[in-house]
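*Asks:* Provided herewith: my_file-v9.txt, compact mmCIF, C-alpha atoms and all ligand atoms.
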# COMPACT_ATOMS: atom_id res chain seq x y z
CA LEU A 1 55.31 -21.44 -5.69
CA ASP A 2 54.99 -18.04 -7.36
CA ASP A 3 56.45 -19.56 -10.54
CA LEU A 4 53.84 -22.31 -10.47
CA LEU A 5 50.99 -19.88 -9.78
CA GLY A 6 52.29 -17.76 -12.65
CA GLU A 7 51.92 -20.75 -15.01
CA GLY A 8 48.28 -21.06 -13.99
CA VAL A 9 47.01 -23.97 -11.94
CA SER A 10 43.25 -23.73 -12.38
CA GLY A 11 41.87 -27.26 -12.80
CA ARG A 12 45.32 -28.80 -12.33
CA ARG A 13 46.14 -31.27 -9.57
CA VAL A 14 48.86 -30.14 -7.20
CA LEU A 15 50.37 -32.51 -4.65
CA VAL A 16 51.55 -30.56 -1.60
CA ARG A 17 53.89 -32.18 0.94
CA ALA A 18 53.11 -30.49 4.25
CA ASP A 19 54.44 -31.22 7.74
CA LEU A 20 51.24 -31.65 9.72
CA ASN A 21 53.05 -33.61 12.42
CA VAL A 22 51.35 -31.62 15.19
CA PRO A 23 51.47 -32.45 18.91
CA PHE A 24 48.37 -33.72 20.69
CA ASP A 25 47.19 -32.98 24.22
CA LYS A 26 48.32 -35.97 26.33
CA ALA A 27 45.29 -35.67 28.63
CA HIS A 28 42.76 -35.30 25.76
CA PRO A 29 43.37 -37.73 22.88
CA GLY A 30 42.49 -36.28 19.48
CA VAL A 31 42.90 -32.68 20.66
CA ILE A 32 45.73 -30.81 18.93
CA SER A 33 47.79 -28.92 21.52
CA ASP A 34 49.70 -26.72 19.06
CA ASP A 35 48.54 -26.19 15.47
CA GLY A 36 51.50 -23.96 14.52
CA ARG A 37 52.65 -26.31 11.78
CA ALA A 38 49.20 -26.39 10.18
CA ARG A 39 49.01 -22.60 10.30
CA ALA A 40 52.45 -22.28 8.74
CA VAL A 41 51.41 -24.07 5.55
CA LEU A 42 48.11 -22.18 5.16
CA PRO A 43 49.41 -19.44 2.81
CA THR A 44 50.48 -22.11 0.29
CA LEU A 45 47.19 -23.99 0.52
CA VAL A 46 45.13 -20.81 0.30
CA ALA A 47 47.09 -19.53 -2.72
CA LEU A 48 46.63 -22.81 -4.60
CA ARG A 49 42.98 -23.20 -3.62
CA ASP A 50 42.15 -19.63 -4.58
CA ALA A 51 43.91 -20.09 -7.92
CA GLY A 52 41.49 -22.95 -8.65
CA ALA A 53 43.93 -25.83 -8.21
CA ARG A 54 42.79 -29.26 -7.04
CA VAL A 55 44.97 -29.47 -3.96
CA ILE A 56 46.10 -32.86 -2.63
CA VAL A 57 47.86 -32.51 0.72
CA MET A 58 50.04 -35.27 2.14
CA SER A 59 51.86 -35.50 5.48
CA HIS A 60 53.21 -37.85 8.09
CA LEU A 61 52.08 -37.89 11.73
CA GLY A 62 54.21 -39.52 14.40
CA ARG A 63 56.19 -42.64 13.70
CA PRO A 64 53.81 -45.51 12.87
CA LYS A 65 55.53 -48.65 11.60
CA GLY A 66 54.58 -48.69 7.89
CA ALA A 67 51.01 -49.92 8.45
CA PRO A 68 47.71 -48.24 9.39
CA ASP A 69 47.53 -47.42 13.10
CA PRO A 70 44.48 -45.50 14.37
CA LYS A 71 46.65 -43.77 16.99
CA TYR A 72 48.32 -41.84 14.19
CA THR A 73 45.40 -40.99 11.91
CA LEU A 74 45.43 -37.54 10.32
CA ALA A 75 41.62 -37.32 10.57
CA PRO A 76 41.64 -34.75 13.45
CA VAL A 77 44.17 -32.69 11.51
CA ALA A 78 41.82 -32.60 8.48
CA THR A 79 39.12 -31.17 10.75
CA ARG A 80 41.49 -28.54 12.13
CA LEU A 81 42.70 -27.68 8.63
CA SER A 82 39.07 -27.16 7.50
CA GLU A 83 38.56 -24.70 10.37
CA LEU A 84 41.78 -22.85 9.59
CA LEU A 85 41.08 -22.69 5.85
CA GLY A 86 37.43 -21.76 6.33
CA SER A 87 36.49 -24.35 3.70
CA ASP A 88 35.89 -28.10 3.79
CA VAL A 89 38.90 -30.37 3.57
CA VAL A 90 38.04 -33.78 2.18
CA PHE A 91 39.81 -36.57 4.09
CA ALA A 92 40.83 -39.84 2.40
CA SER A 93 40.97 -42.80 4.77
CA ASP A 94 43.99 -44.26 2.97
CA THR A 95 47.03 -42.77 1.25
CA VAL A 96 47.17 -44.43 -2.18
CA GLY A 97 44.35 -46.99 -1.86
CA PRO A 98 40.82 -46.99 -3.30
CA ALA A 99 39.53 -44.23 -0.99
CA ALA A 100 42.34 -41.86 -1.95
CA THR A 101 42.02 -42.66 -5.66
CA ALA A 102 38.27 -42.04 -5.60
CA ALA A 103 38.72 -38.80 -3.64
CA VAL A 104 41.37 -37.54 -6.07
CA GLU A 105 39.10 -38.29 -9.03
CA ALA A 106 36.15 -36.50 -7.41
CA LEU A 107 38.19 -33.44 -6.47
CA GLN A 108 36.82 -30.15 -7.84
CA ASP A 109 38.69 -26.97 -8.75
CA GLY A 110 39.57 -25.05 -5.59
CA GLN A 111 39.01 -28.06 -3.31
CA VAL A 112 41.50 -29.39 -0.79
CA LEU A 113 41.99 -33.09 -0.02
CA LEU A 114 44.14 -34.53 2.77
CA LEU A 115 45.48 -38.06 2.32
CA GLU A 116 45.86 -40.39 5.32
CA ASN A 117 49.26 -40.60 7.06
CA LEU A 118 52.07 -41.29 4.56
CA ARG A 119 53.85 -43.48 7.13
CA PHE A 120 51.00 -46.02 7.06
CA ASN A 121 52.87 -47.22 3.95
CA GLU A 122 56.24 -48.99 4.17
CA GLY A 123 57.44 -47.35 0.96
CA GLU A 124 57.44 -43.86 2.51
CA THR A 125 60.42 -44.41 4.81
CA ALA A 126 61.99 -47.44 3.06
CA LYS A 127 65.79 -47.53 2.92
CA ASP A 128 65.52 -49.45 -0.34
CA ASP A 129 65.49 -46.96 -3.23
CA ALA A 130 63.20 -49.10 -5.43
CA ALA A 131 60.59 -49.51 -2.67
CA ARG A 132 60.56 -45.76 -2.08
CA ALA A 133 60.40 -45.01 -5.81
CA ALA A 134 57.44 -47.39 -6.26
CA PHE A 135 55.45 -45.64 -3.53
CA ALA A 136 56.46 -42.24 -4.91
CA ALA A 137 55.17 -43.26 -8.36
CA GLU A 138 51.76 -44.05 -6.85
CA LEU A 139 51.61 -40.64 -5.17
CA ALA A 140 52.89 -38.80 -8.24
CA ALA A 141 50.23 -40.43 -10.41
CA TYR A 142 47.64 -38.32 -8.57
CA ALA A 143 48.97 -34.96 -9.72
CA ASP A 144 50.47 -32.69 -12.37
CA PHE A 145 52.75 -30.73 -10.04
CA TYR A 146 54.52 -31.18 -6.71
CA VAL A 147 55.03 -28.49 -4.08
CA ASP A 148 57.18 -29.12 -1.01
CA ASP A 149 56.21 -26.93 1.92
CA ALA A 150 57.19 -29.41 4.64
CA PHE A 151 60.30 -27.77 6.03
CA GLY A 152 60.08 -29.96 9.16
CA ALA A 153 60.63 -33.06 7.01
CA VAL A 154 63.25 -31.88 4.47
CA HIS A 155 65.98 -33.74 6.37
CA ARG A 156 64.24 -37.07 5.70
CA LYS A 157 65.12 -39.09 2.58
CA HIS A 158 61.53 -40.26 2.29
CA ALA A 159 59.42 -41.00 -0.80
CA SER A 160 57.16 -37.94 -0.45
CA VAL A 161 60.13 -35.64 0.19
CA TYR A 162 62.89 -36.99 -2.02
CA ASP A 163 61.43 -39.30 -4.70
CA VAL A 164 58.18 -37.60 -5.79
CA PRO A 165 60.03 -34.45 -6.95
CA ALA A 166 62.17 -36.70 -9.16
CA ILE A 167 58.97 -37.58 -11.05
CA LEU A 168 56.86 -34.41 -11.10
CA PRO A 169 57.66 -30.78 -11.96
CA HIS A 170 58.53 -29.50 -8.49
CA TYR A 171 58.36 -26.22 -6.60
CA ALA A 172 59.29 -24.94 -3.14
CA GLY A 173 56.45 -23.55 -1.05
CA GLY A 174 56.84 -20.19 0.66
CA LEU A 175 57.51 -21.77 4.04
CA VAL A 176 60.39 -23.94 2.81
CA LEU A 177 61.84 -20.98 0.94
CA ARG A 178 61.70 -18.65 3.95
CA GLU A 179 63.08 -21.23 6.38
CA VAL A 180 66.04 -22.03 4.14
CA GLU A 181 66.77 -18.32 3.57
CA VAL A 182 66.78 -17.57 7.30
CA LEU A 183 68.89 -20.56 8.27
CA ARG A 184 71.34 -19.89 5.45
CA LYS A 185 71.83 -16.36 6.76
CA VAL A 186 72.30 -17.50 10.36
CA SER A 187 74.61 -20.27 9.33
CA GLU A 188 76.77 -18.43 6.78
CA SER A 189 76.90 -14.86 8.01
CA PRO A 190 75.47 -14.42 11.51
CA GLU A 191 75.83 -10.91 12.82
CA GLN A 192 78.18 -11.02 15.84
CA PRO A 193 77.97 -11.52 18.76
CA TYR A 194 76.27 -14.84 18.03
CA VAL A 195 74.78 -16.72 21.00
CA VAL A 196 73.20 -20.16 20.80
CA VAL A 197 70.85 -21.47 23.48
CA LEU A 198 70.39 -25.24 23.57
CA GLY A 199 68.07 -27.29 25.73
CA GLY A 200 66.15 -30.53 25.45
CA SER A 201 66.83 -33.84 27.05
CA LYS A 202 69.83 -35.46 25.41
CA VAL A 203 73.39 -34.36 24.69
CA SER A 204 73.70 -37.23 22.20
CA ASP A 205 70.93 -35.69 20.03
CA LYS A 206 72.71 -32.33 19.96
CA LEU A 207 76.35 -33.45 19.82
CA ALA A 208 76.77 -32.89 16.08
CA VAL A 209 75.27 -29.41 16.19
CA ILE A 210 77.33 -28.45 19.27
CA LYS A 211 80.52 -29.48 17.47
CA ALA A 212 79.51 -27.60 14.31
CA LEU A 213 78.48 -24.43 16.15
CA LEU A 214 81.20 -24.17 18.78
CA PRO A 215 83.80 -22.61 16.43
CA LYS A 216 81.22 -20.02 15.24
CA VAL A 217 79.60 -18.79 18.45
CA ASP A 218 80.55 -16.34 21.17
CA LYS A 219 78.57 -18.25 23.76
CA LEU A 220 76.68 -21.53 23.87
CA LEU A 221 74.21 -21.65 26.75
CA VAL A 222 73.11 -25.15 27.80
CA GLY A 223 69.93 -25.81 29.79
CA GLY A 224 67.27 -28.53 29.76
CA GLY A 225 67.85 -32.16 30.72
CA MET A 226 71.11 -32.21 28.76
CA CYS A 227 72.81 -29.75 31.13
CA PHE A 228 73.13 -32.43 33.84
CA THR A 229 75.60 -34.51 31.85
CA PHE A 230 77.71 -31.35 31.42
CA LEU A 231 77.39 -30.54 35.14
CA LYS A 232 78.46 -34.08 36.03
CA ALA A 233 81.45 -33.66 33.70
CA GLN A 234 82.34 -30.57 35.75
CA GLY A 235 82.33 -32.73 38.90
CA HIS A 236 78.87 -31.90 40.29
CA GLU A 237 76.55 -34.53 41.73
CA VAL A 238 73.22 -34.40 39.89
CA GLY A 239 71.03 -36.66 42.06
CA LYS A 240 68.34 -38.44 40.03
CA SER A 241 68.51 -35.93 37.17
CA LEU A 242 68.68 -37.10 33.58
CA LEU A 243 72.20 -38.31 32.92
CA GLU A 244 73.90 -39.86 29.90
CA GLU A 245 76.78 -41.70 31.55
CA GLU A 246 78.39 -42.56 28.22
CA MET A 247 78.51 -38.87 27.23
CA ILE A 248 80.23 -37.53 30.37
CA SER A 249 83.75 -37.71 28.96
CA THR A 250 82.56 -36.19 25.64
CA CYS A 251 81.04 -33.30 27.61
CA ALA A 252 84.32 -32.86 29.50
CA ASP A 253 86.18 -32.65 26.15
CA LEU A 254 83.66 -30.13 24.79
CA LEU A 255 83.98 -27.95 27.91
CA ALA A 256 87.77 -27.99 27.60
CA ALA A 257 87.63 -27.15 23.87
CA ALA A 258 85.08 -24.36 24.42
CA ASP A 259 87.43 -22.44 26.67
CA GLY A 260 84.65 -20.83 28.75
CA ARG A 261 82.23 -20.29 25.87
CA ILE A 262 79.87 -23.06 27.04
CA VAL A 263 77.77 -21.55 29.82
CA LEU A 264 75.95 -23.89 32.23
CA PRO A 265 73.23 -23.22 34.82
CA VAL A 266 74.32 -22.21 38.32
CA ASP A 267 71.09 -23.28 40.01
CA VAL A 268 68.22 -25.64 39.18
CA VAL A 269 64.70 -26.47 40.34
CA ALA A 270 65.09 -29.89 41.98
CA ALA A 271 61.93 -31.99 42.40
CA ALA A 272 61.11 -35.14 44.35
CA GLU A 273 59.62 -36.73 41.21
CA PHE A 274 58.58 -36.01 37.63
CA SER A 275 55.17 -34.56 38.39
CA ALA A 276 53.46 -31.17 38.56
CA ASP A 277 52.56 -31.79 42.21
CA ALA A 278 56.02 -32.90 43.31
CA ALA A 279 57.79 -31.12 46.17
CA HIS A 280 60.48 -28.89 44.63
CA ASP A 281 63.09 -26.29 45.61
CA VAL A 282 65.64 -24.09 43.92
CA VAL A 283 69.15 -25.34 44.75
CA ASP A 284 72.65 -24.37 43.65
CA ILE A 285 74.22 -26.88 41.29
CA SER A 286 76.68 -27.91 43.99
CA ASP A 287 73.77 -28.84 46.31
CA ILE A 288 71.49 -31.06 44.21
CA PRO A 289 70.12 -33.63 46.72
CA ALA A 290 70.78 -37.29 45.89
CA ASP A 291 67.05 -38.10 45.89
CA ARG A 292 65.94 -35.17 43.68
CA LEU A 293 65.94 -34.52 39.94
CA GLY A 294 66.43 -31.19 38.21
CA LEU A 295 63.41 -30.26 36.10
CA ASP A 296 64.21 -26.63 35.26
CA ILE A 297 67.01 -24.09 35.48
CA GLY A 298 66.79 -21.75 38.48
CA PRO A 299 66.35 -17.95 38.67
CA LYS A 300 70.09 -17.19 38.96
CA SER A 301 70.67 -19.21 35.80
CA VAL A 302 67.86 -17.35 34.01
CA ALA A 303 69.55 -14.06 34.95
CA LEU A 304 72.94 -15.40 33.79
CA PHE A 305 71.53 -16.61 30.45
CA ALA A 306 69.50 -13.41 29.97
CA ASP A 307 72.66 -11.37 30.48
CA ALA A 308 74.55 -13.51 27.96
CA VAL A 309 71.91 -13.05 25.25
CA SER A 310 71.32 -9.35 25.97
CA SER A 311 74.25 -8.12 23.89
CA ALA A 312 73.84 -10.67 21.07
CA ARG A 313 73.05 -9.55 17.54
CA THR A 314 72.08 -13.11 16.57
CA VAL A 315 70.48 -15.76 18.78
CA PHE A 316 69.54 -19.29 17.77
CA TRP A 317 67.48 -21.16 20.37
CA ASN A 318 66.61 -24.84 20.25
CA GLY A 319 65.18 -26.85 23.14
CA PRO A 320 63.31 -25.90 26.31
CA MET A 321 65.23 -25.08 29.52
CA GLY A 322 62.99 -27.30 31.63
CA VAL A 323 59.78 -29.33 31.65
CA PHE A 324 57.74 -26.29 30.57
CA GLU A 325 54.58 -28.39 30.09
CA LEU A 326 54.36 -28.63 33.93
CA ALA A 327 53.67 -25.19 35.41
CA PRO A 328 56.20 -25.35 38.31
CA PHE A 329 59.02 -26.02 35.84
CA ALA A 330 58.19 -23.49 33.11
CA ALA A 331 59.90 -20.38 34.51
CA GLY A 332 63.33 -21.16 33.05
CA THR A 333 62.05 -21.56 29.50
CA ARG A 334 59.80 -18.51 29.87
CA GLY A 335 62.56 -16.34 31.34
CA VAL A 336 65.14 -17.21 28.70
CA ALA A 337 62.58 -16.90 25.88
CA GLU A 338 61.55 -13.45 27.15
CA ALA A 339 65.20 -12.38 27.26
CA ILE A 340 65.61 -13.51 23.65
CA THR A 341 62.64 -11.39 22.56
CA LYS A 342 64.36 -8.28 23.93
CA ILE A 343 67.64 -8.48 22.01
CA ASP A 344 68.60 -5.76 19.56
CA GLY A 345 69.23 -8.25 16.77
CA PHE A 346 67.83 -11.28 14.99
CA SER A 347 66.51 -14.32 16.87
CA VAL A 348 65.60 -17.72 15.49
CA VAL A 349 63.58 -20.28 17.41
CA GLY A 350 64.51 -23.65 15.97
CA GLY A 351 62.14 -26.42 16.26
CA GLY A 352 59.30 -28.43 17.58
CA ASP A 353 59.46 -28.14 21.36
CA SER A 354 60.83 -24.61 21.60
CA ALA A 355 58.36 -23.33 19.01
CA ALA A 356 55.55 -25.09 20.90
CA ALA A 357 56.85 -23.54 24.15
CA VAL A 358 56.62 -20.04 22.67
CA ARG A 359 52.98 -20.59 21.80
CA THR A 360 51.82 -22.62 24.80
CA LEU A 361 53.47 -20.19 27.25
CA GLY A 362 51.57 -17.40 25.49
CA LEU A 363 54.70 -15.48 24.47
CA ASP A 364 54.51 -12.90 21.70
CA GLU A 365 55.44 -14.83 18.53
CA THR A 366 56.07 -11.62 16.63
CA ALA A 367 58.84 -10.65 19.05
CA PHE A 368 61.09 -13.34 17.56
CA GLY A 369 62.84 -12.88 14.21
CA HIS A 370 61.80 -16.31 12.96
CA ILE A 371 60.11 -19.34 14.48
CA SER A 372 61.10 -22.43 12.54
CA THR A 373 58.69 -25.31 11.99
CA GLY A 374 61.55 -27.78 11.82
CA GLY A 375 63.32 -29.17 14.89
CA GLY A 376 65.56 -31.85 13.40
CA ALA A 377 65.61 -30.08 10.03
CA SER A 378 66.91 -26.76 11.37
CA LEU A 379 69.55 -28.52 13.51
CA GLU A 380 70.75 -30.58 10.55
CA TYR A 381 70.88 -27.43 8.42
CA LEU A 382 73.09 -25.71 11.02
CA GLU A 383 75.25 -28.84 11.23
CA GLY A 384 76.01 -28.23 7.56
CA LYS A 385 74.36 -31.44 6.39
CA LYS A 386 72.77 -31.71 2.96
CA LEU A 387 68.99 -31.90 3.33
CA PRO A 388 67.48 -34.46 0.91
CA GLY A 389 64.27 -32.46 0.43
CA VAL A 390 66.14 -29.28 -0.44
CA GLU A 391 68.52 -31.17 -2.75
CA ALA A 392 65.55 -32.73 -4.55
CA LEU A 393 64.02 -29.29 -5.16
CA GLU A 394 67.30 -27.86 -6.41
CA LYS A 395 67.74 -30.62 -9.01
C1 LIG A 401 59.56 -33.30 13.24
O1 LIG A 401 58.70 -33.43 14.11
O2 LIG A 401 60.71 -32.87 13.49
C2 LIG A 401 59.20 -33.58 11.81
O3 LIG A 401 57.82 -33.66 11.63
C3 LIG A 401 59.88 -34.84 11.36
O4 LIG A 401 59.41 -35.93 12.09
P1 LIG A 401 60.33 -37.23 12.27
O5 LIG A 401 61.47 -36.85 13.17
O6 LIG A 401 59.44 -38.29 12.84
O7 LIG A 401 60.84 -37.61 10.89
For the file at hand, write its structure as C-alpha cells.
Ligand code: 3PG
*Replies:*
Amino acid sequence: LDDLLGEGVSGRRVLVRADLNVPFDKAHPGVISDDGRARAVLPTLVALRDAGARVIVMSHLGRPKGAPDPKYTLAPVATRLSELLGSDVVFASDTVGPAATAAVEALQDGQVLLLENLRFNEGETAKDDAARAAFAAELAAYADFYVDDAFGAVHRKHASVYDVPAILPHYAGGLVLREVEVLRKVSESPEQPYVVVLGGSKVSDKLAVIKALLPKVDKLLVGGGMCFTFLKAQGHEVGKSLLEEEMISTCADLLAAADGRIVLPVDVVAAAEFSADAAHDVVDISDIPADRLGLDIGPKSVALFADAVSSARTVFWNGPMGVFELAPFAAGTRGVAEAITKIDGFSVVGGGDSAAAVRTLGLDETAFGHISTGGGASLEYLEGKKLPGVEALEK
C-alpha cells in the first residue's frame, strides 16, 4: 500500500477487497455484534481516502448462493463503516449492475463506496476459471488499482481475491501484510516452548492443522466441542455432548502419536440442554451424566491449561473453550484467554470466534501479541497450504 500511495492516487479509482464478513446479533437482526473486521481495514481506507483516491470497497458477507438475498446485504455494514470512518460511505445496491456502475461514475476524490455483497454473483465463487475471470473483469473495469486487505478471505480462490489481481496492478494492504508476517514467524520460527490451544466444535475442521502442528509444538491443548471426541477416544462416556463418531479412531491415533503432548480437559460444565437457563454442574470427565452435554471446560481444566501456557514463549489460540456466547458457559474461554495474556512471550489469536470472544468478553485486546482477522485463513496458513490471495499478490 505504501508503494501505491507513493505513486500518488489522487483522483484514481482504487478497488479494495476487504473482509467485512462481520457477525450479527442473533437476537437483533441487522445489529453487528463484533465490528473488529471493519475496524481492522480502516487504516487502509483512511490512507486511500485522505490521499484523494476514489475508493471502491468490495466484500462478501455470509454464504448466499450466488444470487441477491436480503438476509446477507452489506447495507448495515456500510452504515457502520460510515460511523467508523467519520465520513459518508456510499452504498451500491448491486455489485456490478447499473447501481454500482452509476455510483462508481459519480464517485468523487476522497469518497468511499461499498459495493453490495460479492457473493450475490455466481462468478465470485465459481469453480470454473472462465466464469470467475468474467466476473473479475467486470469488477476490474471499475478501477485503476487493486488493493487486497481481506486477510480473512485470502484462502479462497474467488474472483475478487484471485482473479482481479491478475488484471489490475495489485498491492497488499497493511492488514494482509502484517497478518502474513506474524503467521510466517509463528509457523517458521516459533520461539520455544510453543503451545497451541484449539477449541471450536469439530475435530474434522481442525484435523489438518492438528497433524501439521503436532510435530512442532510442545503441547496442544484441546477444549471446545471437539474435546468430547478425544475424550470418547480415551474411553470416557460423554453423554449428549457433541461427538463425531467417525473421528473417534482418528483421535485415538492422534493421542497415541502425540505421546502425551495433547492435553485434554479433566472436568467440564455439563448442562441439561443447550440454553443459558439450563441446569448445569461441573463434573469430572469420568462422570459426565448420560442425559447431559458438556458446554464448557471446568475450573480444574482452566487451571491445567493456564499452567501449560504459563511457561510458553509462543502461543497460538484458535477456537473457544465453550459456548462463550451464553454467560454460564463463558468461564473456560475467559480463563484460558486471560492466562494467554499473561505469558512472557508472543501470543496469536487466530480467527473469527476466538477473536470475537476476546472482544465480546471485554478482554484487553492489547494484551495479545496479535489478533488475526482470519479464522480459516490463519489455520490454512499454519497447515502450510498455499493461499490463493497471497499467491496472486506475489505474482
Ligand atoms: C471467514 O469468516 O473466515 C471469512 O470471512 C471467509 O468466509 P468463508 O469461510 O465464508 O469463505
*Asks:* Atom CA of A:Val269 and atom CA of A:Glu245, how far apart in Å?
*Replies:*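 Atom-to-atom, atom CA of A:Glu245 to atom CA of A:Val269, that is 21.3 Å.
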*Asks:* Show me which residues sit within 7 Å of ligand LIG 401 (chain A) when counting all atoms listed in the file, and put them as a ChimeraX atom specification.
*Replies:* /A:19,21,62-63,152-153,156,352,374-377
*Asks:* Please tell me which residues are no farther than 7 Å from (64.7, -28.7, 42.4) in the file, counting all atoms listed in the file, and write them as a ChimeraX atom specification.
*Replies:* /A:268-271,280-283,292-295
*Asks:* Taking all atoms listed in the file into account, name the residue in A:Leu387, A:Ala18, A:Val9, A:Ala53 that is nearest to A:Gly174.
*Replies:*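 Using all atoms listed in the file, the shortest distance to A:Gly174 belongs to A:Ala18.
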*Asks:* What is the distance between atom CA of A:Ile343 and atom CA of A:Pro215, in Å to one decimal?
*Replies:*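 These atoms are spaced 22.2 Å apart.
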*Asks:* Report the closest atom pair, with its distance in Å rounded to one decimal, for each residue of stretch 213-256 of chain A that has an atom no farther than 7 Å from stretch 193-206 of chain A; count only C-alpha atoms, sort by chain and then rising residue number, and write it as a tab-separated table.
*Replies:*
residue	atom	partner	partner_atom	distance
A:Val217	CA	A:Tyr194	CA	5.2
A:Asp218	CA	A:Tyr194	CA	5.5
A:Lys219	CA	A:Val195	CA	4.9
A:Leu220	CA	A:Val196	CA	4.8
A:Leu221	CA	A:Val197	CA	4.7
A:Val222	CA	A:Leu198	CA	5.0
A:Gly223	CA	A:Gly199	CA	4.7
A:Gly224	CA	A:Gly199	CA	4.3
A:Gly225	CA	A:Ser201	CA	4.2
A:Met226	CA	A:Lys202	CA	4.8
*Asks:* List the spatial neighbours of A:Asp307 as a ChimeraX atom specification - criterion: any atom at most 10 Å away, all atoms listed in the file, same-chain residues fewer than 5 positions off excluded.
*Replies:* /A:301-302,312,336,339
*Asks:* Atom CA of A:Lys300 to atom CA of A:Ala212: how many Å, to one decimal?
*Replies:*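 So the two atoms, atom CA of A:Lys300 and atom CA of A:Ala212, lie 28.4 Å apart.
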*Asks:* How about completing stretch 248-259 of chain A with N, CA and C atoms and giving it to me as an mmCIF file, in the coordinates of the input?
*Replies:*
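Once everything was written out, this is result_38.cif:
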data_model
loop_
_atom_site.group_PDB
_atom_site.id
_atom_site.type_symbol
_atom_site.label_atom_id
_atom_site.label_comp_id
_atom_site.auth_asym_id
_atom_site.auth_seq_id
_atom_site.Cartn_x
_atom_site.Cartn_y
_atom_site.Cartn_z
ATOM 1 N N ILE A 248 79.576 -38.416 29.399
ATOM 2 C CA ILE A 248 80.230 -37.530 30.370
ATOM 3 C C ILE A 248 81.626 -37.111 29.874
ATOM 4 N N SER A 249 82.392 -38.076 29.371
ATOM 5 C CA SER A 249 83.750 -37.710 28.960
ATOM 6 C C SER A 249 83.704 -36.821 27.702
ATOM 7 N N THR A 250 82.719 -37.051 26.824
ATOM 8 C CA THR A 250 82.560 -36.190 25.640
ATOM 9 C C THR A 250 82.263 -34.752 26.091
ATOM 10 N N CYS A 251 81.381 -34.633 27.102
ATOM 11 C CA CYS A 251 81.040 -33.300 27.610
ATOM 12 C C CYS A 251 82.277 -32.629 28.214
ATOM 13 N N ALA A 252 83.093 -33.423 28.916
ATOM 14 C CA ALA A 252 84.320 -32.860 29.500
ATOM 15 C C ALA A 252 85.230 -32.326 28.386
ATOM 16 N N ASP A 253 85.344 -33.083 27.292
ATOM 17 C CA ASP A 253 86.180 -32.650 26.150
ATOM 18 C C ASP A 253 85.616 -31.361 25.528
ATOM 19 N N LEU A 254 84.285 -31.319 25.395
ATOM 20 C CA LEU A 254 83.660 -30.130 24.790
ATOM 21 C C LEU A 254 83.907 -28.900 25.669
ATOM 22 N N LEU A 255 83.763 -29.083 26.989
ATOM 23 C CA LEU A 255 83.980 -27.950 27.910
ATOM 24 C C LEU A 255 85.417 -27.450 27.809
ATOM 25 N N ALA A 256 86.356 -28.387 27.703
ATOM 26 C CA ALA A 256 87.770 -27.990 27.600
ATOM 27 C C ALA A 256 88.006 -27.240 26.292
ATOM 28 N N ALA A 257 87.432 -27.771 25.185
ATOM 29 C CA ALA A 257 87.630 -27.150 23.870
ATOM 30 C C ALA A 257 86.967 -25.783 23.792
ATOM 31 N N ALA A 258 85.864 -25.609 24.538
ATOM 32 C CA ALA A 258 85.080 -24.360 24.420
ATOM 33 C C ALA A 258 85.759 -23.193 25.125
ATOM 34 N N ASP A 259 86.671 -23.500 26.018
ATOM 35 C CA ASP A 259 87.430 -22.440 26.670
ATOM 36 C C ASP A 259 86.527 -21.364 27.282
#
